[in-house]
>>> print(open('coords00.cif').read())   # mmCIF, C-alpha atoms
data_work
loop_
_atom_site.label_atom_id
_atom_site.label_comp_id
_atom_site.auth_asym_id
_atom_site.auth_seq_id
_atom_site.Cartn_x
_atom_site.Cartn_y
_atom_site.Cartn_z
CA MET S 1 -108.53 -109.31 210.92
CA LYS S 2 -107.26 -112.69 212.11
CA VAL S 3 -107.79 -113.49 215.80
CA LEU S 4 -106.07 -116.47 217.46
CA ALA S 5 -107.29 -117.42 220.94
CA ILE S 6 -105.05 -119.47 223.24
CA HIS S 7 -107.00 -121.31 225.92
CA ASN S 8 -106.15 -123.99 228.49
CA ILE S 9 -108.72 -126.83 228.33
CA LEU S 10 -111.51 -127.78 225.96
CA TRP S 11 -113.61 -129.07 228.91
CA SER S 12 -114.54 -125.47 229.78
CA HIS S 13 -118.11 -125.64 228.51
CA TYR S 14 -118.85 -122.09 229.61
CA LYS S 15 -116.28 -120.87 227.08
CA ALA S 16 -117.79 -122.89 224.22
CA ARG S 17 -120.74 -120.51 223.77
CA ILE S 18 -118.44 -117.46 223.78
CA PHE S 19 -115.98 -118.95 221.28
CA THR S 20 -118.82 -120.10 219.03
CA GLN S 21 -120.39 -116.65 218.99
CA LEU S 22 -117.02 -114.98 218.42
CA HIS S 23 -116.42 -117.24 215.42
CA GLU S 24 -119.88 -116.63 213.95
CA ARG S 25 -119.78 -112.86 214.41
CA LEU S 26 -116.24 -112.38 213.17
CA HIS S 27 -116.79 -114.70 210.20
CA ARG S 28 -119.85 -112.68 209.12
CA GLU S 29 -117.67 -109.58 209.19
CA GLY S 30 -115.06 -111.24 206.95
CA ASN S 31 -112.64 -111.92 209.81
CA ASP S 32 -111.01 -115.17 210.99
CA PHE S 33 -111.16 -116.69 214.46
CA PHE S 34 -109.36 -119.84 215.62
CA VAL S 35 -108.77 -121.35 219.07
CA LEU S 36 -105.71 -123.27 220.27
CA GLN S 37 -106.78 -125.47 223.20
CA LEU S 38 -103.80 -126.81 225.12
CA ALA S 39 -105.51 -130.00 226.38
CA PHE S 40 -108.89 -131.67 226.62
CA SER S 41 -109.09 -131.44 230.42
CA GLU S 42 -107.25 -131.26 233.74
CA LEU S 43 -106.52 -133.94 236.34
CA SER S 44 -109.38 -133.00 238.68
CA ARG S 45 -111.91 -133.37 235.85
CA LEU S 46 -110.61 -136.41 233.98
CA GLY S 47 -113.62 -138.43 235.15
CA LEU S 48 -115.97 -136.02 233.43
CA LYS S 49 -116.72 -136.13 229.73
CA THR S 50 -115.59 -133.35 227.42
CA ASP S 51 -118.73 -132.51 225.46
CA LEU S 52 -117.45 -131.94 221.92
CA SER S 53 -120.92 -131.15 220.57
CA ILE S 54 -120.92 -127.66 222.09
CA HIS S 55 -117.58 -126.64 220.58
CA THR S 56 -118.84 -125.52 217.17
CA TYR S 57 -115.98 -123.20 216.25
CA PRO S 58 -112.61 -123.96 214.58
CA TYR S 59 -110.07 -125.23 217.10
CA GLU S 60 -107.10 -127.54 217.60
CA VAL S 61 -106.13 -129.41 220.77
CA LEU S 62 -102.35 -129.23 220.92
CA PHE S 63 -101.86 -132.07 223.44
CA PRO S 64 -104.88 -134.38 223.06
CA ASP S 65 -103.29 -137.26 225.01
CA LYS S 66 -102.32 -135.34 228.18
CA ALA S 67 -103.98 -133.61 231.11
CA ILE S 68 -102.90 -129.99 231.14
CA GLU S 69 -100.81 -130.50 234.30
CA HIS S 70 -98.69 -133.09 232.46
CA ILE S 71 -97.67 -130.86 229.56
CA GLY S 72 -94.04 -129.78 229.80
CA HIS S 73 -93.11 -126.13 229.37
CA ILE S 74 -90.67 -126.75 226.51
CA PRO S 75 -93.01 -128.79 224.24
CA LYS S 76 -95.84 -126.40 225.07
CA THR S 77 -93.74 -123.41 224.07
CA ARG S 78 -92.59 -125.07 220.85
CA LYS S 79 -96.12 -125.96 219.76
CA LEU S 80 -97.52 -122.54 220.60
CA LEU S 81 -94.78 -120.72 218.68
CA ALA S 82 -95.20 -123.09 215.72
CA ALA S 83 -98.93 -122.39 215.73
CA LEU S 84 -98.31 -118.64 215.81
CA ARG S 85 -96.02 -118.93 212.78
CA HIS S 86 -98.63 -121.05 210.99
CA HIS S 87 -101.71 -118.92 211.70
CA ARG S 88 -100.00 -115.51 211.46
CA PRO S 89 -102.68 -113.70 213.49
CA GLU S 90 -103.10 -109.97 213.86
CA VAL S 91 -104.58 -110.33 217.36
CA VAL S 92 -103.84 -112.97 220.00
CA TYR S 93 -106.44 -113.48 222.71
CA LEU S 94 -104.42 -114.98 225.58
CA ASN S 95 -105.95 -116.53 228.70
CA GLY S 96 -103.56 -115.56 231.44
CA TYR S 97 -99.99 -114.62 232.28
CA TYR S 98 -99.19 -117.43 234.71
CA ASP S 99 -97.75 -119.97 232.25
CA PRO S 100 -94.01 -119.60 231.35
CA ALA S 101 -94.87 -120.53 227.75
CA TYR S 102 -97.08 -117.44 227.57
CA TRP S 103 -94.04 -115.22 228.12
CA PHE S 104 -92.57 -116.63 224.91
CA VAL S 105 -95.90 -116.09 223.17
CA LEU S 106 -95.96 -112.47 224.36
CA SER S 107 -92.36 -111.91 223.22
CA TYR S 108 -93.11 -113.39 219.80
CA CYS S 109 -96.12 -111.13 219.46
CA LYS S 110 -94.18 -107.99 220.39
CA ILE S 111 -91.39 -108.81 217.92
CA ASN S 112 -93.89 -109.48 215.14
CA LYS S 113 -96.20 -106.57 215.96
CA ILE S 114 -99.15 -108.82 216.87
CA LYS S 115 -101.64 -107.24 219.26
CA VAL S 116 -102.34 -109.08 222.54
CA VAL S 117 -105.65 -109.03 224.41
CA LEU S 118 -105.22 -110.65 227.82
CA ASP S 119 -107.78 -112.47 229.95
CA PHE S 120 -106.99 -111.15 233.44
CA GLU S 121 -108.54 -113.09 236.32
CA SER S 122 -106.43 -112.23 239.36
CA SER S 123 -107.53 -109.99 242.19
CA GLU S 124 -105.54 -108.47 245.00
CA ILE S 125 -107.02 -110.74 247.68
CA SER S 126 -106.22 -114.02 245.91
CA ARG S 127 -103.03 -114.78 247.85
CA ARG S 128 -100.08 -113.26 249.72
CA ARG S 129 -98.24 -110.85 247.47
CA VAL S 130 -94.48 -111.25 246.80
CA TRP S 131 -92.66 -108.19 245.49
CA TRP S 132 -90.74 -109.89 242.68
CA LYS S 133 -93.86 -111.67 241.41
CA GLU S 134 -95.72 -108.37 241.40
CA ARG S 135 -92.91 -106.83 239.35
CA LEU S 136 -93.12 -109.68 236.84
CA LYS S 137 -96.87 -109.18 236.53
CA ARG S 138 -96.38 -105.46 235.93
CA THR S 139 -93.88 -106.28 233.19
CA PHE S 140 -96.20 -108.78 231.48
CA LEU S 141 -99.31 -106.63 231.72
CA GLY S 142 -97.36 -103.61 230.54
CA GLN S 143 -96.61 -105.37 227.24
CA CYS S 144 -100.24 -106.33 226.55
CA ASP S 145 -102.31 -104.06 224.35
CA ALA S 146 -105.55 -104.58 226.28
CA LEU S 147 -107.08 -106.46 229.18
CA VAL S 148 -110.52 -108.04 229.49
CA CYS S 149 -111.07 -108.60 233.18
CA LEU S 150 -112.89 -111.21 235.23
CA GLY S 151 -115.07 -108.70 237.07
CA GLN S 152 -114.48 -105.43 238.84
CA LYS S 153 -112.04 -106.81 241.43
CA ALA S 154 -109.68 -107.99 238.68
CA ALA S 155 -109.89 -104.56 237.03
CA GLU S 156 -109.05 -102.83 240.31
CA TYR S 157 -106.00 -105.06 240.74
CA ALA S 158 -104.87 -104.37 237.17
CA LEU S 159 -104.99 -100.64 237.89
CA LYS S 160 -102.77 -101.19 240.93
CA LEU S 161 -100.34 -103.00 238.63
CA ASP S 162 -100.05 -99.78 236.60
CA VAL S 163 -102.35 -100.77 233.75
CA SER S 164 -103.93 -97.61 232.38
CA ARG S 165 -107.70 -97.48 232.61
CA ASN S 166 -108.10 -97.05 228.84
CA ARG S 167 -106.46 -100.46 228.28
CA ILE S 168 -109.09 -102.24 230.40
CA LEU S 169 -111.72 -102.84 227.71
CA SER S 170 -114.14 -105.07 229.63
CA THR S 171 -114.93 -106.05 233.20
CA LYS S 172 -117.55 -108.63 232.16
CA ASN S 173 -115.35 -111.29 230.65
CA VAL S 174 -116.96 -114.01 232.72
CA GLY S 175 -120.16 -115.89 232.27
CA VAL S 176 -122.04 -119.11 231.76
CA ASP S 177 -124.28 -120.20 228.93
CA ASN S 178 -127.37 -118.60 230.45
CA ASP S 179 -129.83 -119.83 227.83
CA ALA S 180 -128.67 -123.45 227.72
CA LEU S 181 -128.59 -123.79 231.51
CA LEU S 182 -131.99 -122.17 231.98
CA GLU S 183 -133.53 -124.41 229.33
CA ILE S 184 -132.37 -127.53 231.19
CA PHE S 185 -133.42 -126.14 234.57
CA THR S 186 -136.90 -125.20 233.32
CA LEU S 187 -137.39 -128.61 231.73
CA GLU S 188 -136.42 -130.44 234.94
CA LEU S 189 -138.12 -128.18 237.50
CA PRO S 190 -141.53 -129.94 237.36
CA LEU S 191 -139.83 -133.07 238.74
CA ARG S 192 -138.48 -131.20 241.77
CA GLU S 193 -140.81 -132.49 244.48
CA ARG S 194 -140.77 -136.08 243.23
CA ARG S 195 -136.97 -136.14 243.20
CA LYS S 196 -136.79 -134.54 246.65
CA ALA S 197 -139.08 -137.23 248.03
CA GLU S 198 -137.05 -140.01 246.41
CA ILE S 199 -133.78 -138.67 247.87
CA GLY S 200 -135.31 -137.82 251.24
CA LEU S 201 -134.65 -134.08 251.13
CA PRO S 202 -136.45 -131.72 253.52
CA ARG S 203 -138.74 -128.89 252.47
CA TYR S 204 -135.95 -126.31 251.98
CA ASN S 205 -132.29 -126.76 251.06
CA PHE S 206 -129.07 -124.82 250.75
CA LEU S 207 -126.81 -125.95 247.89
CA TYR S 208 -123.09 -125.91 247.18
CA ALA S 209 -121.95 -127.39 243.86
CA GLY S 210 -118.25 -127.59 243.06
CA ARG S 211 -114.99 -129.10 244.18
CA PHE S 212 -114.36 -130.15 247.78
CA VAL S 213 -111.00 -128.46 248.32
CA GLU S 214 -109.69 -126.40 251.22
CA ARG S 215 -110.28 -122.91 249.82
CA LYS S 216 -113.98 -123.69 249.30
CA ASN S 217 -114.32 -123.36 253.10
CA LEU S 218 -116.88 -126.14 253.38
CA ASP S 219 -115.96 -127.03 256.96
CA THR S 220 -117.04 -123.56 258.07
CA PHE S 221 -120.20 -123.95 255.99
CA ILE S 222 -121.07 -127.23 257.71
CA LEU S 223 -120.41 -125.77 261.18
CA ALA S 224 -122.47 -122.64 260.45
CA PHE S 225 -125.30 -124.69 258.98
CA HIS S 226 -125.35 -127.03 261.99
CA GLU S 227 -125.45 -124.05 264.37
CA ALA S 228 -128.17 -122.27 262.38
CA LYS S 229 -130.35 -125.40 262.39
CA SER S 230 -130.11 -125.60 266.15
CA LEU S 231 -131.00 -121.90 266.60
CA SER S 232 -133.76 -121.51 264.04
CA GLU S 233 -137.40 -122.27 264.77
CA ASN S 234 -137.56 -123.63 261.23
CA GLY S 235 -134.28 -125.54 261.39
CA SER S 236 -135.91 -128.94 261.04
CA GLU S 237 -137.24 -127.93 257.61
CA TRP S 238 -133.77 -127.25 256.17
CA GLY S 239 -131.10 -129.41 254.61
CA LEU S 240 -127.72 -128.89 252.98
CA ILE S 241 -126.82 -130.39 249.58
CA LEU S 242 -123.11 -130.80 248.81
CA SER S 243 -122.62 -131.72 245.15
CA GLY S 244 -119.18 -132.59 243.82
CA GLU S 245 -115.94 -134.35 244.73
CA GLY S 246 -112.51 -133.51 246.08
CA SER S 247 -109.72 -134.24 248.51
CA GLN S 248 -111.53 -132.70 251.50
CA LYS S 249 -114.54 -135.03 251.32
CA PRO S 250 -113.36 -137.64 253.90
CA ARG S 251 -112.52 -134.91 256.41
CA LEU S 252 -115.87 -133.21 255.86
CA GLN S 253 -117.70 -136.50 256.27
CA GLU S 254 -115.89 -137.06 259.56
CA LEU S 255 -116.83 -133.55 260.74
CA ILE S 256 -120.49 -134.25 259.97
CA ARG S 257 -120.29 -137.55 261.84
CA LEU S 258 -118.81 -135.87 264.93
CA LEU S 259 -121.49 -133.16 264.85
CA GLY S 260 -124.24 -135.74 264.48
CA CYS S 261 -125.74 -133.65 261.70
CA GLN S 262 -128.34 -135.69 259.83
CA SER S 263 -129.35 -133.08 257.26
CA VAL S 264 -126.34 -133.02 254.92
CA HIS S 265 -126.96 -134.78 251.60
CA TRP S 266 -124.04 -135.74 249.36
CA MET S 267 -124.35 -135.87 245.59
CA GLU S 268 -121.68 -137.27 243.27
CA PRO S 269 -120.04 -135.10 240.58
CA CYS S 270 -121.87 -134.99 237.26
CA GLU S 271 -121.61 -133.62 233.74
CA TRP S 272 -122.23 -129.90 233.21
CA TYR S 273 -125.66 -130.47 231.66
CA GLU S 274 -126.77 -132.45 234.73
CA VAL S 275 -125.79 -129.74 237.23
CA PRO S 276 -128.98 -127.67 236.66
CA ILE S 277 -130.98 -130.64 237.96
CA ARG S 278 -129.17 -130.30 241.29
CA TYR S 279 -130.27 -126.67 241.50
CA THR S 280 -133.93 -127.63 241.03
CA LEU S 281 -133.70 -129.42 244.38
CA ALA S 282 -132.51 -126.37 246.30
CA ASP S 283 -133.76 -122.96 247.42
CA VAL S 284 -130.60 -120.95 248.15
CA ALA S 285 -127.17 -121.34 246.53
CA VAL S 286 -124.11 -120.76 248.71
CA LEU S 287 -120.50 -120.01 247.73
CA PRO S 288 -118.46 -120.02 250.96
CA SER S 289 -114.90 -119.82 249.53
CA THR S 290 -112.01 -118.02 251.18
CA PHE S 291 -111.11 -116.92 247.65
CA GLU S 292 -112.53 -117.18 244.12
CA PRO S 293 -111.42 -115.11 241.12
CA PHE S 294 -115.15 -114.90 240.39
CA GLY S 295 -117.29 -117.96 241.20
CA PHE S 296 -119.60 -119.32 238.50
CA LEU S 297 -121.94 -120.84 241.09
CA THR S 298 -123.28 -117.32 241.62
CA ASN S 299 -123.98 -116.85 237.91
CA GLU S 300 -125.72 -120.19 237.57
CA ALA S 301 -127.96 -119.73 240.62
CA MET S 302 -129.03 -116.28 239.46
CA VAL S 303 -129.85 -117.63 235.98
CA TYR S 304 -132.28 -119.98 237.79
CA SER S 305 -133.79 -117.07 239.79
CA MET S 306 -132.39 -118.34 243.08
CA PRO S 307 -131.22 -116.12 245.95
CA VAL S 308 -127.52 -116.42 246.74
CA LEU S 309 -125.22 -116.26 249.75
CA VAL S 310 -121.68 -115.47 248.62
CA SER S 311 -118.40 -114.97 250.44
CA GLU S 312 -117.15 -111.40 250.16
CA ARG S 313 -113.79 -112.79 249.02
CA CYS S 314 -115.29 -114.02 245.75
CA GLY S 315 -115.20 -111.72 242.73
CA SER S 316 -118.85 -112.38 241.98
CA ALA S 317 -119.88 -110.93 245.36
CA THR S 318 -118.77 -107.48 244.19
CA ASP S 319 -120.27 -107.63 240.71
CA LEU S 320 -123.44 -109.65 241.19
CA VAL S 321 -124.64 -109.60 244.81
CA ILE S 322 -126.53 -106.68 246.33
CA ASP S 323 -127.24 -107.26 250.01
CA GLY S 324 -130.94 -107.71 250.67
CA LEU S 325 -131.87 -107.44 246.98
CA ASN S 326 -130.83 -110.79 245.50
CA GLY S 327 -128.95 -112.32 248.41
CA PHE S 328 -126.19 -111.48 250.84
CA ARG S 329 -122.42 -111.28 251.11
CA PHE S 330 -120.66 -112.52 254.24
CA ASP S 331 -117.23 -112.75 255.85
CA PRO S 332 -115.96 -116.32 255.24
CA SER S 333 -113.61 -116.10 258.24
CA SER S 334 -116.51 -115.38 260.60
CA GLN S 335 -118.67 -118.38 261.45
CA GLN S 336 -120.93 -116.01 263.38
CA ASP S 337 -121.57 -113.86 260.30
CA PHE S 338 -122.11 -116.97 258.18
CA THR S 339 -124.56 -118.43 260.68
CA SER S 340 -126.55 -115.19 260.96
CA LYS S 341 -127.03 -115.05 257.18
CA LEU S 342 -128.15 -118.69 257.05
CA LEU S 343 -130.59 -117.93 259.87
CA TRP S 344 -132.04 -115.04 257.86
CA PHE S 345 -132.79 -117.33 254.93
CA MET S 346 -134.28 -119.96 257.23
CA SER S 347 -136.67 -117.33 258.57
CA HIS S 348 -137.67 -115.68 255.26
CA PRO S 349 -138.58 -118.27 252.60
CA GLY S 350 -141.41 -116.01 251.49
CA LYS S 351 -138.84 -113.55 250.10
CA PHE S 352 -137.04 -116.04 247.86
CA ALA S 353 -139.14 -115.49 244.74
CA GLN S 354 -138.64 -111.73 244.75
CA MET S 355 -134.93 -112.00 245.51
CA GLY S 356 -134.51 -114.60 242.78
CA GLY S 357 -136.30 -112.38 240.28
CA ASN S 358 -134.03 -109.48 241.19
CA GLY S 359 -131.01 -111.69 240.65
CA LYS S 360 -132.25 -112.84 237.24
CA ALA S 361 -132.52 -109.21 236.13
CA ILE S 362 -128.90 -108.63 237.19
CA ILE S 363 -127.47 -111.73 235.52
CA ASP S 364 -129.27 -110.94 232.26
CA GLN S 365 -126.71 -108.14 231.90
CA TRP S 366 -123.94 -110.79 231.96
CA SER S 367 -125.23 -112.83 229.05
CA PRO S 368 -122.90 -114.44 226.47
CA ASP S 369 -124.21 -111.99 223.86
CA ILE S 370 -123.05 -108.99 225.87
CA ILE S 371 -119.68 -110.60 226.67
CA THR S 372 -119.16 -111.51 223.01
CA GLU S 373 -119.92 -107.95 221.90
CA GLU S 374 -117.40 -106.49 224.35
CA LEU S 375 -114.71 -108.94 223.20
CA ILE S 376 -115.29 -108.17 219.54
CA GLN S 377 -115.09 -104.45 220.23
CA SER S 378 -111.83 -105.11 222.10
CA PHE S 379 -110.33 -106.98 219.14
CA HIS S 380 -111.31 -104.22 216.72
CA LYS S 381 -109.95 -101.53 219.02
CA VAL S 382 -106.51 -103.09 219.47
CA SER S 383 -106.21 -103.97 215.78
CA ALA S 384 -106.56 -100.26 215.02
CA TYR S 385 -103.67 -99.31 217.34
CA ASP S 386 -100.54 -98.03 215.64
#
>>> encode(input="coords00.cif", output="structure tokens")
Amino acid sequence: MKVLAIHNILWSHYKARIFTQLHERLHREGNDFFVLQLAFSELSRLGLKTDLSIHTYPYEVLFPDKAIEHIGHIPKTRKLLAALRHHRPEVVYLNGYYDPAYWFVLSYCKINKIKVVLDFESSEISRRRVWWKERLKRTFLGQCDALVCLGQKAAEYALKLDVSRNRILSTKNVGVDNDALLEIFTLELPLRERRKAEIGLPRYNFLYAGRFVERKNLDTFILAFHEAKSLSENGSEWGLILSGEGSQKPRLQELIRLLGCQSVHWMEPCEWYEVPIRYTLADVAVLPSTFEPFGFLTNEAMVYSMPVLVSERCGSATDLVIDGLNGFRFDPSSQQDFTSKLLWFMSHPGKFAQMGGNGKAIIDQWSPDIITEELIQSFHKVSAYD
């Protein structure tokens, strides 16, 4: 069996572990696995280094001199079709349906009887639905041999798009490199208190790590945090760490200035292997987005045995968060709900260790090994289809 994966950017370090394991497992079985990466990175991450050392599987970057947003549809289509003719795969593992070039890839595969396994990340709540776009999705998904979904919400949406349940072969096709991240976190954790003192952090801290863009809902987070601090008896012991960069940062800084909130600590964006250090400084990880297909912040925090507070409009809230067990879900449109959950954490630091341990047990079932196994079984299953 020859499997050809088509992926968007090499920067995606969380995919490196999966692709490496897929290559190693399939090679041992006498099968071939190769990855076509469209570009090294995207515009919002050009300032971050692409760590080539973790990509230990056979791959080719089709457009090494361009950010993915700058690749034209025609040259992209030409290169993808040329690669398909060159590699002559039996199975194509395709990451998405959104790119016009992927429609040509799908057509080529159907004509040449190549099986297609699709990464499906969308969920019904992601954006306003338009009838003709929904019809196009149904058409595309209907031609794929199998789907591996980004969590249960994506699977539910696929079913509503008339995908039969027996073609959804995984709902766990999402994850981070649990072992690598935990190793870094564990190594750096003993320096926690010294680093907190150097930065001037308070005893306890909430953490958001990611991009500062509108759908991350950070303005509501700041307002809810400011209100919770004023209402909690322990408010003076709490801070908020915002780690990352993005277009909303000046507006958020102005909001903090107007509120007179002195407990928000900004941290510049960093490489993926430095992010675990940020988590050592915090006690609760928060994902406040108005929408996320999944939300890897949840995975990472649970790997580190941290309790989480996750917007109910994030895919990870459904799959990974059990209210009261390892954290809470909340309504991102309700500042009152957000504030009440922050207040709970401010009042119950003694429960963090148990909640974090519960979360670690959950995320252990979303390890790269398990995800790799489900993908390999998916490839074998579709290759056996008539």
>>> atom_distance(input="coords00.cif", atom1="atom CA of S:Asn299", atom2="atom CA of S:Cys314")
12.0 Å
>>> residues_near_point(input="coords00.cif", point="(-134.9, -125.2, 249.8)", cutoff="10 Å", atoms="only C-alpha atoms", output="PyMOL selection string")
chain S and resi 201-207+237-241+279-285+306+345-346+349+352
>>> axis_aligned_box(input="coords00.cif", around="stretch 118-131 of chain S", padding_each_side="4 Å", output="JSON")
{"center_x": -100.6, "center_y": -111.5, "center_z": 238.8, "size_x": 23.9, "size_y": 14.6, "size_z": 29.9}
>>> closest_residue(input="coords00.cif", among="S:His27, S:Lys351, S:Arg88, S:Arg138", to="S:Lys113", atoms="all atoms listed in the file")
S:Arg88
>>> atom_distance(input="coords00.cif", atom1="atom CA of S:Gln143", atom2="atom CA of S:Tyr93")
13.5 Å
>>> resolve_selection(input="coords00.cif", expression="the PyMOL selection byres ((chain S and resi 367-380) around 8)", output="MDAnalysis selection string")
chainID S and resid 3 17:18 21:22 26 91 117 146 148 169:170 172:178 363:366 381:384
>>> atom_distance(input="coords00.cif", atom1="atom CA of S:Gly142", atom2="atom CA of S:His7")
20.7 Å
>>> resolve_selection(input="coords00.cif", expression="the PyMOL selection byres ((chain S and resi 49-53) around 8)", output="number ranges by chain")
S: 10-11, 13, 40-41, 46-48, 54-56, 271
>>> closest_residue(input="coords00.cif", among="S:Cys109, S:Ala224, S:Leu181, S:Val308", to="S:Trp272", atoms="only C-alpha atoms")
S:Leu181
>>> residues_near_point(input="coords00.cif", point="(-122.6, -120.3, 242.0)", cutoff="9 Å", atoms="all atoms listed in the file", output="ChimeraX atom specification")
/S:208-210,285-287,295-302,308,310,316
